[in-house]
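J.: Below is final17.pdb; it holds PDB, C-alpha atoms.
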ATOM      1  CA  MET D   1       0.000   0.000   0.000  1.00  0.00           C
ATOM      2  CA  ALA D   2       1.379   3.415  -0.913  1.00  0.00           C
ATOM      3  CA  ARG D   3       2.222   5.843   1.838  1.00  0.00           C
ATOM      4  CA  LEU D   4       0.942   9.373   1.597  1.00  0.00           C
ATOM      5  CA  GLN D   5       4.160  11.053   2.732  1.00  0.00           C
ATOM      6  CA  TRP D   6       7.595  10.711   1.101  1.00  0.00           C
ATOM      7  CA  ASP D   7      10.399  10.185   3.618  1.00  0.00           C
ATOM      8  CA  GLY D   8      13.249   9.704   1.154  1.00  0.00           C
ATOM      9  CA  GLY D   9      14.276  13.250   0.379  1.00  0.00           C
ATOM     10  CA  ILE D  10      15.248  14.887  -2.867  1.00  0.00           C
ATOM     11  CA  ALA D  11      18.397  12.816  -3.472  1.00  0.00           C
ATOM     12  CA  ALA D  12      16.454   9.581  -3.181  1.00  0.00           C
ATOM     13  CA  ALA D  13      14.063  10.800  -5.882  1.00  0.00           C
ATOM     14  CA  VAL D  14      16.680  12.283  -8.212  1.00  0.00           C
ATOM     15  CA  ASP D  15      19.134   9.365  -8.195  1.00  0.00           C
ATOM     16  CA  PRO D  16      16.783   6.795  -9.800  1.00  0.00           C
ATOM     17  CA  THR D  17      15.693   9.409 -12.316  1.00  0.00           C
ATOM     18  CA  LEU D  18      19.272  10.069 -13.386  1.00  0.00           C
ATOM     19  CA  LEU D  19      20.008   6.356 -13.430  1.00  0.00           C
ATOM     20  CA  GLY D  20      17.057   5.779 -15.749  1.00  0.00           C
ATOM     21  CA  ARG D  21      18.280   8.547 -18.025  1.00  0.00           C
ATOM     22  CA  TYR D  22      21.757   7.004 -18.052  1.00  0.00           C
ATOM     23  CA  TYR D  23      20.347   3.597 -19.042  1.00  0.00           C
ATOM     24  CA  GLU D  24      18.270   5.200 -21.794  1.00  0.00           C
ATOM     25  CA  ARG D  25      21.319   6.926 -23.251  1.00  0.00           C
ATOM     26  CA  PHE D  26      23.313   3.698 -22.997  1.00  0.00           C
ATOM     27  CA  ALA D  27      20.575   1.856 -24.915  1.00  0.00           C
ATOM     28  CA  ASP D  28      20.479   4.593 -27.575  1.00  0.00           C
ATOM     29  CA  HIS D  29      24.224   4.264 -28.095  1.00  0.00           C
ATOM     30  CA  THR D  30      23.910   0.470 -28.264  1.00  0.00           C
ATOM     31  CA  VAL D  31      21.312   0.775 -31.022  1.00  0.00           C
ATOM     32  CA  GLN D  32      23.595   3.133 -32.952  1.00  0.00           C
ATOM     33  CA  VAL D  33      26.480   0.652 -32.672  1.00  0.00           C
ATOM     34  CA  GLY D  34      24.195  -2.069 -34.031  1.00  0.00           C
ATOM     35  CA  VAL D  35      23.027   0.088 -36.940  1.00  0.00           C
ATOM     36  CA  ARG D  36      26.590   1.007 -37.857  1.00  0.00           C
ATOM     37  CA  THR D  37      27.680  -2.630 -37.574  1.00  0.00           C
ATOM     38  CA  ILE D  38      24.927  -3.661 -39.996  1.00  0.00           C
ATOM     39  CA  PHE D  39      26.001  -0.923 -42.388  1.00  0.00           C
ATOM     40  CA  MET D  40      29.670  -1.925 -42.197  1.00  0.00           C
ATOM     41  CA  SER D  41      29.009  -5.642 -42.650  1.00  0.00           C
ATOM     42  CA  ALA D  42      26.184  -5.558 -45.213  1.00  0.00           C
ATOM     43  CA  GLY D  43      26.756  -2.213 -46.919  1.00  0.00           C
ATOM     44  CA  GLU D  44      23.087  -1.342 -46.469  1.00  0.00           C
ATOM     45  CA  SER D  45      21.340   1.109 -44.200  1.00  0.00           C
ATOM     46  CA  PHE D  46      19.210  -0.262 -41.383  1.00  0.00           C
ATOM     47  CA  GLY D  47      15.987   0.598 -43.235  1.00  0.00           C
ATOM     48  CA  ASP D  48      17.093  -1.386 -46.282  1.00  0.00           C
ATOM     49  CA  TRP D  49      18.221  -4.303 -44.122  1.00  0.00           C
ATOM     50  CA  SER D  50      15.113  -4.483 -41.947  1.00  0.00           C
ATOM     51  CA  SER D  51      12.711  -4.392 -44.892  1.00  0.00           C
ATOM     52  CA  SER D  52      14.549  -7.192 -46.715  1.00  0.00           C
ATOM     53  CA  ALA D  53      15.020  -9.327 -43.576  1.00  0.00           C
ATOM     54  CA  GLY D  54      11.353 -10.337 -43.527  1.00  0.00           C
ATOM     55  CA  GLU D  55      11.427 -11.761 -47.034  1.00  0.00           C
TER      56      GLU D  55
END
Turn this file's structure into structure tokens for me.
T.:
Amino acid sequence: MARLQWDGGIAAAVDPTLLGRYYERFADHTVQVGVRTIFMSAGESFGDWSSSAGE
């Protein structure tokens, strides 16, 4: 059951928020590495590769 009053303070609220932002940026960079790897190995952009992968 949720409590009505927050006892954690500002730092306890900000830290998970910044951690989530860090993980989001990390995931964005991981996607970019994957896209560039596909381009380097196949010579096609991700859009070309993903549309022909289903065939």
J.: For the atom pair CA of Tyr23 in chain D and CA of Trp6 in chain D, what is the interatomic distance in Å to one decimal place?
T.: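 Rounded to one decimal, the two atoms are 24.9 Å apart.
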J.: Tell me, in Å to one decimal, how far CA of Gly9 in chain D is from CA of Arg25 in chain D.
T.: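 Computed distance, CA of Gly9 in chain D to CA of Arg25 in chain D, equals 25.5 Å.
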J.: Calculate how many Å separate CA of Asp28 in chain D from CA of Gly47 in chain D, rounding to one decimal.
T.: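 Computed distance, CA of Asp28 in chain D to CA of Gly47 in chain D, equals 16.8 Å.
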J.: Centre and edge lengths, as lines of an AutoDock Vina configuration file, for the axis-aligned box enclosing every listed atom of range 6-14 of chain D with 4 Å of padding on each of the six sides, in Å to one decimal?
T.:
center_x = 13.0
center_y = 12.2
center_z = -2.3
size_x = 18.8
size_y = 13.3
size_z = 19.8
J.: Considering all atoms listed in the file, return as an mmCIF file with C-alpha atoms, in the frame of the given file whatever protein or nucleic-acid residues lie within 12 Å of Arg36 in chain D, sequence-local ones (same chain, fewer than 6 positions apart) excluded.
T.:
data_model
loop_
_atom_site.group_PDB
_atom_site.id
_atom_site.type_symbol
_atom_site.label_atom_id
_atom_site.label_comp_id
_atom_site.auth_asym_id
_atom_site.auth_seq_id
_atom_site.Cartn_x
_atom_site.Cartn_y
_atom_site.Cartn_z
ATOM 1 C CA HIS D 29 24.224 4.264 -28.095
ATOM 2 C CA THR D 30 23.910 0.470 -28.264
ATOM 3 C CA ALA D 42 26.184 -5.558 -45.213
ATOM 4 C CA GLY D 43 26.756 -2.213 -46.919
ATOM 5 C CA GLU D 44 23.087 -1.342 -46.469
ATOM 6 C CA SER D 45 21.340 1.109 -44.200
ATOM 7 C CA PHE D 46 19.210 -0.262 -41.383
ATOM 8 C CA GLY D 47 15.987 0.598 -43.235
ATOM 9 C CA TRP D 49 18.221 -4.303 -44.122
#
J.: Regenerate range 29-45 of chain D at the level of N, CA and C atoms and dump it as a JSON list (two decimals), keeping the file's coordinate frame.
T.:
[["chain", "number", "residue", "atom", "x", "y", "z"],
["D", 29, "HIS", "N", 22.90, 4.47, -27.51],
["D", 29, "HIS", "CA", 24.22, 4.26, -28.10],
["D", 29, "HIS", "C", 24.39, 2.82, -28.58],
["D", 30, "THR", "N", 23.83, 1.87, -27.85],
["D", 30, "THR", "CA", 23.91, 0.47, -28.26],
["D", 30, "THR", "C", 23.19, 0.25, -29.59],
["D", 31, "VAL", "N", 22.05, 0.88, -29.76],
["D", 31, "VAL", "CA", 21.31, 0.78, -31.02],
["D", 31, "VAL", "C", 22.14, 1.37, -32.16],
["D", 32, "GLN", "N", 22.78, 2.51, -31.92],
["D", 32, "GLN", "CA", 23.60, 3.13, -32.95],
["D", 32, "GLN", "C", 24.78, 2.25, -33.34],
["D", 33, "VAL", "N", 25.39, 1.58, -32.36],
["D", 33, "VAL", "CA", 26.48, 0.65, -32.67],
["D", 33, "VAL", "C", 25.96, -0.49, -33.54],
["D", 34, "GLY", "N", 24.78, -1.01, -33.22],
["D", 34, "GLY", "CA", 24.20, -2.07, -34.03],
["D", 34, "GLY", "C", 23.90, -1.63, -35.45],
["D", 35, "VAL", "N", 23.34, -0.44, -35.60],
["D", 35, "VAL", "CA", 23.03, 0.09, -36.94],
["D", 35, "VAL", "C", 24.30, 0.27, -37.76],
["D", 36, "ARG", "N", 25.33, 0.80, -37.13],
["D", 36, "ARG", "CA", 26.59, 1.01, -37.86],
["D", 36, "ARG", "C", 27.26, -0.32, -38.18],
["D", 37, "THR", "N", 27.12, -1.31, -37.31],
["D", 37, "THR", "CA", 27.68, -2.63, -37.57],
["D", 37, "THR", "C", 26.98, -3.27, -38.77],
["D", 38, "ILE", "N", 25.67, -3.14, -38.84],
["D", 38, "ILE", "CA", 24.93, -3.66, -40.00],
["D", 38, "ILE", "C", 25.39, -2.96, -41.27],
["D", 39, "PHE", "N", 25.57, -1.65, -41.20],
["D", 39, "PHE", "CA", 26.00, -0.92, -42.39],
["D", 39, "PHE", "C", 27.40, -1.37, -42.82],
["D", 40, "MET", "N", 28.30, -1.54, -41.85],
["D", 40, "MET", "CA", 29.67, -1.92, -42.20],
["D", 40, "MET", "C", 29.74, -3.35, -42.74],
["D", 41, "SER", "N", 28.93, -4.25, -42.22],
["D", 41, "SER", "CA", 29.01, -5.64, -42.65],
["D", 41, "SER", "C", 28.21, -5.91, -43.92],
["D", 42, "ALA", "N", 27.05, -5.27, -44.08],
["D", 42, "ALA", "CA", 26.18, -5.56, -45.21],
["D", 42, "ALA", "C", 26.24, -4.48, -46.29],
["D", 43, "GLY", "N", 26.72, -3.29, -45.95],
["D", 43, "GLY", "CA", 26.76, -2.21, -46.92],
["D", 43, "GLY", "C", 25.39, -1.60, -47.18],
["D", 44, "GLU", "N", 24.44, -1.87, -46.31],
["D", 44, "GLU", "CA", 23.09, -1.34, -46.47],
["D", 44, "GLU", "C", 22.72, -0.57, -45.22],
["D", 45, "SER", "N", 21.83, 0.40, -45.37],
["D", 45, "SER", "CA", 21.34, 1.11, -44.20],
["D", 45, "SER", "C", 20.38, 0.21, -43.43]]
